[in-house]
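Read through the structure below, which is laid out as structure tokens, and then see the notes.
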Amino acid sequence: MPPESFRCFHVRKTGNGTIESSVESRPLHELPPGEVLIRVQASSLNYKDALAATGNPGVARNFPHVPGIDSAGIVETSDSGKFKPGDQVLCTGYEQGAGQWGGWAEYVRLPADWVVPLPDGFTLDETMILGTAGFTAAQSVLSLVEHHIEPDRGPIVVTGATGGVGVISLMILSKLGYDVTAVSGKPDQYDWLKSLGASNVIGREEVDDTSTKPLLKARWAGAVDTVGGNTLATIIRSLDHRGVAAACGLVGGTDLPLTVFPFILRGVKLDGIDSAHCPYDRRLQIWNLLAGDWKLDNLHDLATEIKIDEVDVTVDQMMQGKTHGRHIVRPR
């Protein structure tokens, strides 16, 4: 039987509008509705979680709130025929950790349609080393593959390469035989990125052209962009004929200063990557790729493990751009 209470990272808004957070015990009945109660073994830390933990209203839409857009664990109880107690499962995205309480807790309760069985060949921890970041990275790489950007077409540029999405995109692309140029504003991490498969590493300024030229010199067959803003605009203007940019981030801004010329003169494509509400069948396809042909041999090298009591420190570091790689969050 599940306990009457559970520990979680609890974010709340005070009467004067300030945000407070602490690790505390809450009654189990406060969990949102859902058919599947999961005892969480691991969660992860994504930029979206850092926003939720600091009360960003675009992510944490209701208070009190529990962050954690990813969770992996053991089914405790189930009112769905899809799952039974003892099943190993995971969930990334949907409204978990955003519209409803998430995985920075000892327990989550979720709709059965959000829950994915643990893929063969994976451990629960491995799914959380990947988490939404790895899932987004795999979607981005699959976009390039499905748009027929083969390794012999030319180099692929990956922005935000020390972040979770960027570094996993780099590693998958390298595994598949692509020539990858990583973009980073952290020179002290260049050797690390090369050790993970980058053929070349360049600074952010090389993909931040502020001129009004509608087209730039063609440099890339494809791109995985985690930044957005003028960086994405620069990359689109720099794509080779029929090149593809998979866009999945906005930390560099939401505006896209472009003309139509890259699209109508070079035939380039911009593919938006939406992870939270990816259709279930597609979700299973991607997780099976990550556990199978695309499985990364050195996945654990990316992971730093933190306890839920320590997560606020790492959140502060992430908001200051001082983290790299991936973080597993332990709820107990």
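Starting from 1 in every chain, residues are counted up; chains themselves are A, B, ... following the order of the structure tokens, and ligands are numbered from 1 as listed.
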Can you list, as an MDAnalysis selection string, every protein, DNA or RNA residue that comes within 8 Å of segment 232-248 of chain A when you count only C-alpha atoms, leaving out same-chain residues fewer than 4 positions away? chainID A and resid 136 140:141 143:144 147 149 207:209 214:228 256:258 262 266:274
Members of segment 121-276 of chain A assigned strand (DSSP E or B) by DSSP, as a PyMOL selection string: chain A and resi 156-158+180-183+200-202+220-225+239-247+269-272
The distance between atom CA of Pro331 of chain A and atom CA of Gly73 of chain A is 10.8 Å
Q: Name the closest residue to Val329 of chain A among the candidates A:Val75, A:Ile129, A:Ala182, A:Ala138; distances are taken between atoms, counting only C-alpha atoms.
A: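 Using only C-alpha atoms, the shortest distance to Val329 of chain A belongs to A:Ile129.
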task = From segment 65-292 of chain A, collect each residue whose DSSP state is helix (DSSP H, G or I) and return the set as a ChimeraX atom specification.
result = /A:112-114,124-146,151-153,164-175,187-195,204-207,229-237,261-265,280-291
Output file for the selection above: C-alpha atoms, as a PDB file, in the first residue's frame:
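result38.pdb, freshly written:
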```
ATOM      1  CA  ALA A 112      -2.291   6.140 -18.309  1.00  0.00           C
ATOM      2  CA  ASP A 113      -2.045   7.660 -21.789  1.00  0.00           C
ATOM      3  CA  TRP A 114       1.042   9.608 -20.709  1.00  0.00           C
ATOM      4  CA  LEU A 124      15.138   3.570 -15.492  1.00  0.00           C
ATOM      5  CA  ASP A 125      18.196   5.700 -14.730  1.00  0.00           C
ATOM      6  CA  GLU A 126      19.250   5.700 -18.384  1.00  0.00           C
ATOM      7  CA  THR A 127      15.857   7.037 -19.436  1.00  0.00           C
ATOM      8  CA  MET A 128      16.295   9.944 -17.027  1.00  0.00           C
ATOM      9  CA  ILE A 129      19.851  10.693 -18.141  1.00  0.00           C
ATOM     10  CA  LEU A 130      18.145  11.277 -21.470  1.00  0.00           C
ATOM     11  CA  GLY A 131      14.812  12.624 -20.238  1.00  0.00           C
ATOM     12  CA  THR A 132      13.021  15.299 -22.235  1.00  0.00           C
ATOM     13  CA  ALA A 133      16.394  16.628 -23.394  1.00  0.00           C
ATOM     14  CA  GLY A 134      17.365  13.303 -24.976  1.00  0.00           C
ATOM     15  CA  PHE A 135      13.884  12.767 -26.333  1.00  0.00           C
ATOM     16  CA  THR A 136      13.988  16.223 -27.956  1.00  0.00           C
ATOM     17  CA  ALA A 137      17.464  15.561 -29.324  1.00  0.00           C
ATOM     18  CA  ALA A 138      16.347  12.282 -30.883  1.00  0.00           C
ATOM     19  CA  GLN A 139      13.312  13.965 -32.459  1.00  0.00           C
ATOM     20  CA  SER A 140      15.622  16.602 -33.926  1.00  0.00           C
ATOM     21  CA  VAL A 141      18.020  14.047 -35.372  1.00  0.00           C
ATOM     22  CA  LEU A 142      15.115  12.001 -36.729  1.00  0.00           C
ATOM     23  CA  SER A 143      13.876  15.126 -38.496  1.00  0.00           C
ATOM     24  CA  LEU A 144      17.183  15.386 -40.363  1.00  0.00           C
ATOM     25  CA  VAL A 145      17.126  11.679 -41.208  1.00  0.00           C
ATOM     26  CA  GLU A 146      13.557  11.773 -42.474  1.00  0.00           C
ATOM     27  CA  PRO A 151      26.053  12.031 -43.502  1.00  0.00           C
ATOM     28  CA  ASP A 152      27.623  12.595 -46.931  1.00  0.00           C
ATOM     29  CA  ARG A 153      25.569  15.759 -47.489  1.00  0.00           C
ATOM     30  CA  GLY A 164      21.242  18.558 -22.512  1.00  0.00           C
ATOM     31  CA  VAL A 165      19.562  18.688 -25.930  1.00  0.00           C
ATOM     32  CA  GLY A 166      22.675  19.901 -27.693  1.00  0.00           C
ATOM     33  CA  VAL A 167      25.115  17.396 -26.260  1.00  0.00           C
ATOM     34  CA  ILE A 168      22.837  14.396 -26.827  1.00  0.00           C
ATOM     35  CA  SER A 169      22.109  15.554 -30.395  1.00  0.00           C
ATOM     36  CA  LEU A 170      25.855  15.783 -30.958  1.00  0.00           C
ATOM     37  CA  MET A 171      26.414  12.282 -29.591  1.00  0.00           C
ATOM     38  CA  ILE A 172      23.630  10.673 -31.630  1.00  0.00           C
ATOM     39  CA  LEU A 173      24.717  12.407 -34.831  1.00  0.00           C
ATOM     40  CA  SER A 174      28.318  11.339 -34.261  1.00  0.00           C
ATOM     41  CA  LYS A 175      27.200   7.748 -33.642  1.00  0.00           C
ATOM     42  CA  PRO A 187      35.752  27.451 -24.286  1.00  0.00           C
ATOM     43  CA  ASP A 188      36.684  25.336 -21.263  1.00  0.00           C
ATOM     44  CA  GLN A 189      34.252  22.670 -22.546  1.00  0.00           C
ATOM     45  CA  TYR A 190      35.602  22.444 -26.126  1.00  0.00           C
ATOM     46  CA  ASP A 191      37.816  19.415 -25.447  1.00  0.00           C
ATOM     47  CA  TRP A 192      34.904  17.677 -23.708  1.00  0.00           C
ATOM     48  CA  LEU A 193      32.645  18.251 -26.730  1.00  0.00           C
ATOM     49  CA  LYS A 194      35.307  16.859 -29.048  1.00  0.00           C
ATOM     50  CA  SER A 195      35.668  13.796 -26.816  1.00  0.00           C
ATOM     51  CA  ARG A 204      28.554  31.545 -30.520  1.00  0.00           C
ATOM     52  CA  GLU A 205      29.630  34.608 -32.468  1.00  0.00           C
ATOM     53  CA  GLU A 206      30.142  32.492 -35.605  1.00  0.00           C
ATOM     54  CA  VAL A 207      26.402  31.808 -35.783  1.00  0.00           C
ATOM     55  CA  GLY A 229      16.403  34.085 -32.114  1.00  0.00           C
ATOM     56  CA  ASN A 230      19.115  35.537 -34.333  1.00  0.00           C
ATOM     57  CA  THR A 231      21.200  32.376 -33.988  1.00  0.00           C
ATOM     58  CA  LEU A 232      18.506  30.347 -35.717  1.00  0.00           C
ATOM     59  CA  ALA A 233      18.045  33.073 -38.330  1.00  0.00           C
ATOM     60  CA  THR A 234      21.787  33.054 -39.028  1.00  0.00           C
ATOM     61  CA  ILE A 235      21.810  29.277 -39.414  1.00  0.00           C
ATOM     62  CA  ILE A 236      18.818  29.263 -41.769  1.00  0.00           C
ATOM     63  CA  ARG A 237      20.556  31.870 -43.940  1.00  0.00           C
ATOM     64  CA  PHE A 261      14.810  34.038 -49.587  1.00  0.00           C
ATOM     65  CA  PRO A 262      16.428  31.027 -47.860  1.00  0.00           C
ATOM     66  CA  PHE A 263      13.183  29.107 -48.372  1.00  0.00           C
ATOM     67  CA  ILE A 264      12.459  30.041 -51.990  1.00  0.00           C
ATOM     68  CA  LEU A 265      16.008  30.312 -53.370  1.00  0.00           C
ATOM     69  CA  TYR A 280       2.131   8.474 -28.408  1.00  0.00           C
ATOM     70  CA  ASP A 281       3.031   6.191 -31.336  1.00  0.00           C
ATOM     71  CA  ARG A 282       5.821   8.551 -32.380  1.00  0.00           C
ATOM     72  CA  ARG A 283       6.938   8.717 -28.758  1.00  0.00           C
ATOM     73  CA  LEU A 284       7.298   4.920 -28.621  1.00  0.00           C
ATOM     74  CA  GLN A 285       9.229   4.935 -31.905  1.00  0.00           C
ATOM     75  CA  ILE A 286      11.732   7.458 -30.567  1.00  0.00           C
ATOM     76  CA  TRP A 287      12.234   5.701 -27.225  1.00  0.00           C
ATOM     77  CA  ASN A 288      12.827   2.410 -29.029  1.00  0.00           C
ATOM     78  CA  LEU A 289      15.453   4.089 -31.239  1.00  0.00           C
ATOM     79  CA  LEU A 290      17.166   5.528 -28.171  1.00  0.00           C
ATOM     80  CA  ALA A 291      17.193   2.104 -26.502  1.00  0.00           C
TER      81      ALA A 291
END
```
So the first atom is atom CA of Glu20 of chain A and the second is atom CA of Phe63 of chain A; what is the distance between them in Å, to one decimal place?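 One can read the atom CA of Glu20 of chain A to atom CA of Phe63 of chain A distance as 10.6 Å.
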message = I'd like the neighbourhood of Arg61 of chain A as a list in words, where a residue qualifies if any of its atoms comes within 12 Å (using only C-alpha atoms), though same-chain residues fewer than 5 positions away should be ignored.
response =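 Once the nearby chain positions are removed, what remains is Val11, Arg12, Lys13, Leu51, Ala52, Ala53, Thr54, Gly55, Asn56, Val66, Pro67, Glu95, Gln96, Gly97, Ala98, Gly99, Gln100 and Trp101 of chain A.
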